[in-house]
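Following: one structure in C-alpha cells, then a few remarks.
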Amino acid sequence: MKYILLLLLCINTLPLLAQNDFVLLKKNGYTIDRFFNGKPITVYTKDKNTYSGFVFFCRDDSIIIHLGYMGLKPTAFGSTIDSIFMGFVTIAVKDIAIIPAKRMTSADVGNLLFKAGVIIGGIAIVNQFNLTVPSIYLAQFGSAVALNFITNYLQPFKNKQPPGYKIGKKFTLEYIHLPPAK
C-alpha cells in the first residue's frame, strides 16, 4: 500500500517540476526581474496602451496577460470584493516600451514638498487666530485634513512619461525558450 501511495504522490507532483518559457528584464546584461506564469505584470506598449494583469503564458516571443483586477462583484445580498476577469491579451516582447518601476521620481518629491508646505502654512494661519485651547487644536486638525484632501487633487509637478524601465539600449527584454524534455 505504501508503494502505491508513493507512486500516486509522484504522479501528482510531476507537473510541479515542469518548466515553462519566461521573459527576463535585463539592465546592461544583468537580470533585474523575471516574468513567468502567474506573476503580476504591468506594461506600456509602443502604441501608448497600458495592460495590467497576471502572466498567463509565454509563447512564441509573446506574453499572454490574463487581464483582471480586484473589485466589487455584485451578489444577491449586496456586493463582495473579488477578482474580476476581463479576458486575455497577447503582447509581443518587441512591442513593450516601458515596464513600470515603483520608485520615487523628482515630480513625486516636488509634490510631497508642495503638499507639506501648504499644510504647514494652513496650520500657521490658523495659529494666528485667538482661540481657546481645545478649539485651536480642532481648527488645526480640521485645516490639516481639509488641505490634505485639496492637495491630493492639486499636483503641480507631473512626470513626462511613466516612471519605469524604458526598453532600449540600457534595459532589454529577453525571451527564454525552454524546449520540452525528450
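Order determines the names: the first chain of the C-alpha cells is A, the second B, and so forth; residues in each chain are numbered 1 upward, and ligands are numbered 1 upward as they are shown.
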Check your understanding: Could you pull the residues within 12 Å of Ile32 (chain A), counting only C-alpha atoms, minus those fewer than 3 positions along the same chain, as number ranges by chain?
Key -> A: 23-29, 35, 99, 101, 165, 170-174
Point to revise | Ile176 (chain A) environment, 10 Å, only C-alpha atoms, sequence neighbours closer than 6 positions dropped, as JSON, numbers by chain | key: {"A": [20, 21, 22, 23, 24, 58, 59, 60, 61]}
Check your understanding: So what do you get for CA of Leu154 (chain A) versus CA of Ile123 (chain A), distance-wise?
Key -> 18.3 Å
Exercise for review: Tell me, as a list in words, which residues lie within 12 Å of Ile125 (chain A), counting only C-alpha atoms; anything in the same chain fewer than 6 positions away does not count.
Suggested key: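 The residues that qualify are Val118, Ile119, Ile136, Ala139, Gln140, Ser143 and Ala144 of chain A.
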Can you spit out the residues from that selection as a PDB file, in the first residue's frame, using C-alpha atoms?
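Output below, filename part_19.pdb:
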ATOM      1  CA  VAL A 118       0.547  74.009   2.059  1.00  0.00           C
ATOM      2  CA  ILE A 119      -0.467  72.005   5.151  1.00  0.00           C
ATOM      3  CA  ILE A 136      -7.407  75.701  18.366  1.00  0.00           C
ATOM      4  CA  ALA A 139      -9.100  74.061  13.974  1.00  0.00           C
ATOM      5  CA  GLN A 140      -5.523  72.941  13.299  1.00  0.00           C
ATOM      6  CA  SER A 143      -7.351  72.676   8.389  1.00  0.00           C
ATOM      7  CA  ALA A 144      -4.700  69.954   8.005  1.00  0.00           C
TER       8      ALA A 144
END
**Study point:** DSSP strand (DSSP E) selection over region 15-51 of chain A, as a PyMOL selection string
**Key:** chain A and resi 22-27+30-35+40-45+50-51
Review point. Any idea what's packed within 10 Å of region 159-161 of chain A, counting only C-alpha atoms, ignoring anything in its chain fewer than 5 positions away? Could you give it as a PyMOL selection string?
Key: chain A and resi 98+105-108+166
Exercise for review: Rounded to one decimal place, report the CA of Val93 (chain A)-CA of Gly68 (chain A) distance in Å.
Suggested key: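 Between CA of Val93 (chain A) and CA of Gly68 (chain A) the gap is 20.3 Å.
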Exercise for review: Would you kindly return, as a ChimeraX atom specification, each protein, DNA or RNA residue with an atom no farther than 7 Å from any atom of Gly38 (chain A), considering only C-alpha atoms and excluding same-chain residues fewer than 2 positions away?
Suggested key: /A:36,40,54-56
Review point. So which bits of region 77-158 of chain A end up helix (DSSP H, G or I) when you DSSP the backbone, as JSON, numbers by chain?
Key: {"A": [93, 94, 95, 106, 107, 108, 109, 110, 111, 112, 113, 114, 115, 116, 117, 118, 119, 120, 121, 122, 123, 124, 125, 126, 133, 134, 135, 136, 137, 138, 139, 140, 141, 142, 143, 144, 145, 146, 147, 148, 149, 150, 151, 152, 153]}
Residues from the last selection, N, CA and C atoms, saved as a short mmCIF file (atom, residue, chain, number, x, y, z; two decimals), in the first residue's frame:
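So again23.cif came out as:
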data_model
loop_
_atom_site.label_atom_id
_atom_site.label_comp_id
_atom_site.auth_asym_id
_atom_site.auth_seq_id
_atom_site.Cartn_x
_atom_site.Cartn_y
_atom_site.Cartn_z
N VAL A 93 6.96 40.70 -27.28
CA VAL A 93 8.01 41.26 -26.43
C VAL A 93 8.61 42.51 -27.07
N LYS A 94 8.71 42.54 -28.39
CA LYS A 94 9.31 43.69 -29.07
C LYS A 94 8.40 44.92 -29.06
N ASP A 95 7.10 44.75 -28.72
CA ASP A 95 6.16 45.87 -28.69
C ASP A 95 6.08 46.54 -27.32
N SER A 106 11.48 62.79 -9.21
CA SER A 106 11.60 64.17 -8.74
C SER A 106 10.24 64.86 -8.71
N ALA A 107 9.32 64.47 -9.60
CA ALA A 107 7.97 65.03 -9.56
C ALA A 107 7.25 64.61 -8.28
N ASP A 108 7.46 63.38 -7.83
CA ASP A 108 6.85 62.91 -6.58
C ASP A 108 7.40 63.68 -5.39
N VAL A 109 8.71 63.94 -5.39
CA VAL A 109 9.34 64.71 -4.30
C VAL A 109 8.80 66.13 -4.30
N GLY A 110 8.70 66.74 -5.48
CA GLY A 110 8.17 68.10 -5.57
C GLY A 110 6.74 68.19 -5.08
N ASN A 111 5.90 67.23 -5.45
CA ASN A 111 4.51 67.22 -4.99
C ASN A 111 4.43 67.03 -3.49
N LEU A 112 5.30 66.18 -2.93
CA LEU A 112 5.31 65.96 -1.48
C LEU A 112 5.71 67.23 -0.74
N LEU A 113 6.73 67.93 -1.22
CA LEU A 113 7.15 69.19 -0.58
C LEU A 113 6.07 70.27 -0.72
N PHE A 114 5.41 70.32 -1.88
CA PHE A 114 4.31 71.27 -2.08
C PHE A 114 3.19 71.00 -1.08
N LYS A 115 2.84 69.72 -0.93
CA LYS A 115 1.77 69.33 -0.02
C LYS A 115 2.13 69.68 1.43
N ALA A 116 3.37 69.37 1.85
CA ALA A 116 3.80 69.67 3.21
C ALA A 116 3.79 71.18 3.45
N GLY A 117 4.24 71.96 2.48
CA GLY A 117 4.25 73.41 2.63
C GLY A 117 2.87 73.99 2.77
N VAL A 118 1.92 73.50 1.98
CA VAL A 118 0.55 74.01 2.06
C VAL A 118 -0.07 73.65 3.41
N ILE A 119 0.12 72.42 3.87
CA ILE A 119 -0.47 72.00 5.15
C ILE A 119 0.16 72.78 6.31
N ILE A 120 1.47 72.93 6.33
CA ILE A 120 2.14 73.68 7.40
C ILE A 120 1.73 75.15 7.36
N GLY A 121 1.61 75.70 6.16
CA GLY A 121 1.15 77.09 6.03
C GLY A 121 -0.27 77.26 6.54
N GLY A 122 -1.14 76.30 6.26
CA GLY A 122 -2.52 76.36 6.75
C GLY A 122 -2.58 76.31 8.27
N ILE A 123 -1.76 75.46 8.86
CA ILE A 123 -1.73 75.39 10.33
C ILE A 123 -1.17 76.68 10.91
N ALA A 124 -0.17 77.27 10.26
CA ALA A 124 0.40 78.54 10.74
C ALA A 124 -0.62 79.67 10.67
N ILE A 125 -1.46 79.68 9.65
CA ILE A 125 -2.50 80.71 9.53
C ILE A 125 -3.55 80.53 10.62
N VAL A 126 -3.94 79.27 10.90
CA VAL A 126 -4.92 79.01 11.96
C VAL A 126 -4.37 79.43 13.32
N VAL A 133 -7.90 76.81 23.96
CA VAL A 133 -7.03 75.65 23.74
C VAL A 133 -7.75 74.47 23.06
N PRO A 134 -8.90 74.02 23.49
CA PRO A 134 -9.46 72.86 22.77
C PRO A 134 -9.87 73.20 21.33
N SER A 135 -10.38 74.41 21.10
CA SER A 135 -10.85 74.75 19.76
C SER A 135 -9.70 75.00 18.80
N ILE A 136 -8.55 75.48 19.26
CA ILE A 136 -7.41 75.70 18.37
C ILE A 136 -6.88 74.37 17.85
N TYR A 137 -6.89 73.34 18.70
CA TYR A 137 -6.45 72.01 18.26
C TYR A 137 -7.39 71.46 17.19
N LEU A 138 -8.69 71.65 17.40
CA LEU A 138 -9.67 71.19 16.43
C LEU A 138 -9.52 71.95 15.11
N ALA A 139 -9.28 73.26 15.19
CA ALA A 139 -9.10 74.06 13.97
C ALA A 139 -7.83 73.65 13.23
N GLN A 140 -6.75 73.40 13.96
CA GLN A 140 -5.52 72.94 13.30
C GLN A 140 -5.73 71.59 12.61
N PHE A 141 -6.36 70.68 13.31
CA PHE A 141 -6.62 69.35 12.74
C PHE A 141 -7.53 69.45 11.51
N GLY A 142 -8.59 70.25 11.64
CA GLY A 142 -9.53 70.42 10.52
C GLY A 142 -8.86 71.04 9.31
N SER A 143 -8.03 72.04 9.53
CA SER A 143 -7.35 72.68 8.39
C SER A 143 -6.35 71.71 7.74
N ALA A 144 -5.65 70.91 8.56
CA ALA A 144 -4.70 69.95 8.01
C ALA A 144 -5.41 68.90 7.17
N VAL A 145 -6.55 68.41 7.66
CA VAL A 145 -7.31 67.39 6.91
C VAL A 145 -7.86 67.98 5.62
N ALA A 146 -8.45 69.17 5.70
CA ALA A 146 -9.03 69.80 4.50
C ALA A 146 -7.96 70.09 3.45
N LEU A 147 -6.83 70.65 3.90
CA LEU A 147 -5.75 70.95 2.94
C LEU A 147 -5.13 69.68 2.38
N ASN A 148 -5.11 68.61 3.15
CA ASN A 148 -4.61 67.32 2.64
C ASN A 148 -5.49 66.83 1.50
N PHE A 149 -6.81 66.89 1.68
CA PHE A 149 -7.71 66.47 0.62
C PHE A 149 -7.58 67.36 -0.61
N ILE A 150 -7.44 68.64 -0.41
CA ILE A 150 -7.32 69.56 -1.55
C ILE A 150 -6.02 69.31 -2.31
N THR A 151 -4.90 69.16 -1.58
CA THR A 151 -3.62 68.98 -2.27
C THR A 151 -3.48 67.60 -2.91
N ASN A 152 -4.35 66.64 -2.57
CA ASN A 152 -4.32 65.37 -3.29
C ASN A 152 -4.74 65.56 -4.74
N TYR A 153 -5.58 66.56 -5.01
CA TYR A 153 -6.03 66.82 -6.37
C TYR A 153 -5.13 67.82 -7.08
#
Review point. Which one is closest to Pro162 (chain A): A:Lys2, A:Thr50, A:Gly78, A:Ile65? Count only C-alpha atoms.
Key: A:Thr50
Practice item. Write out as a ChimeraX atom specification the residues lying within 12 Å of Phe85 (chain A), counting only C-alpha atoms and excluding same-chain residues fewer than 6 positions away. Key: /A:52-54,65-73
Convert the current residue selection to file output with C-alpha atoms, as an mmCIF file, in the first residue's frame.
data_model
loop_
_atom_site.group_PDB
_atom_site.id
_atom_site.type_symbol
_atom_site.label_atom_id
_atom_site.label_comp_id
_atom_site.auth_asym_id
_atom_site.auth_seq_id
_atom_site.Cartn_x
_atom_site.Cartn_y
_atom_site.Cartn_z
ATOM 1 C CA SER A 52 -2.101 45.150 -16.262
ATOM 2 C CA GLY A 53 -2.766 41.644 -15.023
ATOM 3 C CA PHE A 54 -1.035 38.329 -14.485
ATOM 4 C CA ILE A 65 -1.586 38.507 -19.988
ATOM 5 C CA HIS A 66 -4.660 37.481 -18.018
ATOM 6 C CA LEU A 67 -6.401 40.837 -17.568
ATOM 7 C CA GLY A 68 -8.310 41.398 -14.370
ATOM 8 C CA TYR A 69 -8.452 43.367 -11.169
ATOM 9 C CA MET A 70 -9.757 43.219 -7.632
ATOM 10 C CA GLY A 71 -13.107 44.943 -7.397
ATOM 11 C CA LEU A 72 -16.681 44.823 -6.189
ATOM 12 C CA LYS A 73 -18.706 41.929 -7.522
#
